[in-house]
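See structure below.
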Amino acid sequence: MAASPECTQQGRGLALVRRRPPAPPGLREALKARLWRSCSCSVQGAWALLQNLLPATRWLRQYQPREDLAGDVISGLVIGIILVPQAIAYSLLAGLQPIYSLYTSFFANLIYFLMGTSRHVSVGIFSLLCLMVGQVVDRELLQAGFDPAQDGPGPRANRSALNASATMPALGLQDCSRDCYAIRVATALTLLAGVYQVRSRAWA
């Protein structure tokens, strides 16, 4: 708000004058200003970026061990008692060794502890996904010359030596056992599924 100088000189007192709103910046100027703000480096900006990447840094400072540690330890023990046999069963559904499901259950929860944004989300493996992965693993084992029901390192006995010798070098499986090939198939499948989900969310 500004006073009119003519009204002041005539003794009529101050008069309120409306200012015109500033003209909105053009698209180029707005993009330039937004790019400058996003590319400018500062301690506050770096700390905000770290907090967005690792949300655990926000609430860990407010964690009270005397009040919360006992309940967290008890809940962790209960979840561990339930999760170990559950992970072993799910690994057998997927056609893999039980140790891989234990790795998956442990590291998935550890990563979500650091990067998760919800307190009520349960992260881990589940039966439907394991059944779907197990079907793909069994099919690929059959095509590679392995017996899905066999735990040995070699190809199936009912396959001819010619077919087995032709299949193994083509896939690079001379030193790879059945378990090694199964975990390769499961890893490639889950990686491709994750890439597809990331791309679909980015396009949406």
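Each chain in the structure tokens gets a letter, A, B and so on, in the order shown; residues start at 1 in every chain, and ligands are counted from 1 in the order they appear.
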Neighbour list for Gln86 (chain A) as a list of chain:residue names, cut-off 10 Å, only C-alpha atoms, skip fewer than 3 positions in-chain
A:Gly80, A:Ile81, A:Ile82, A:Leu83, A:Ala89, A:Tyr90, A:Ser91, A:Pro98, A:Ser101, A:Leu102, A:Ser105, A:Ile125, A:Phe126, A:Ser127
List the spatial neighbours of Gln135 (chain A) as an NGL selection string - criterion: any atom at most 12 Å away, only C-alpha atoms, same-chain residues fewer than 5 positions off excluded.
:A and (92-96 or 128-130 or 140-142 or 148 or 182 or 185-186 or 189)
Separation of CA of Ala56 (chain A) from CA of Leu114 (chain A) in Å
5.3 Å
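Distances here use only C-alpha atoms; by that measure, the residue among A:Thr190, A:Gln51, A:Gln62, A:Ser200 closest to Val137 (chain A) is A:Thr190.
Excluding Arg58 (chain A) itself and same-chain residues fewer than 6 positions from it, the residues having an atom within 12 Å of it are A:Trp47, A:Ala48, A:Leu49, A:Leu50, A:Gln51, A:Asn52, A:Leu114, A:Met115, A:Gly116, A:Thr117, counting only C-alpha atoms.
Coordinates place CA of Arg34 (chain A) at a distance of 16.8 Å from CA of Ala46 (chain A).
We find CA of Phe146 (chain A) and CA of Cys176 (chain A) to be spaced 10.9 Å apart.
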Give me, as a ChimeraX atom specification, the residues of region 11-182 of chain A that a backbone DSSP run labels alpha helix (DSSP H).
/A:27-39,43-53,56-59,65-93,98-115,127-144,161-171,178-182
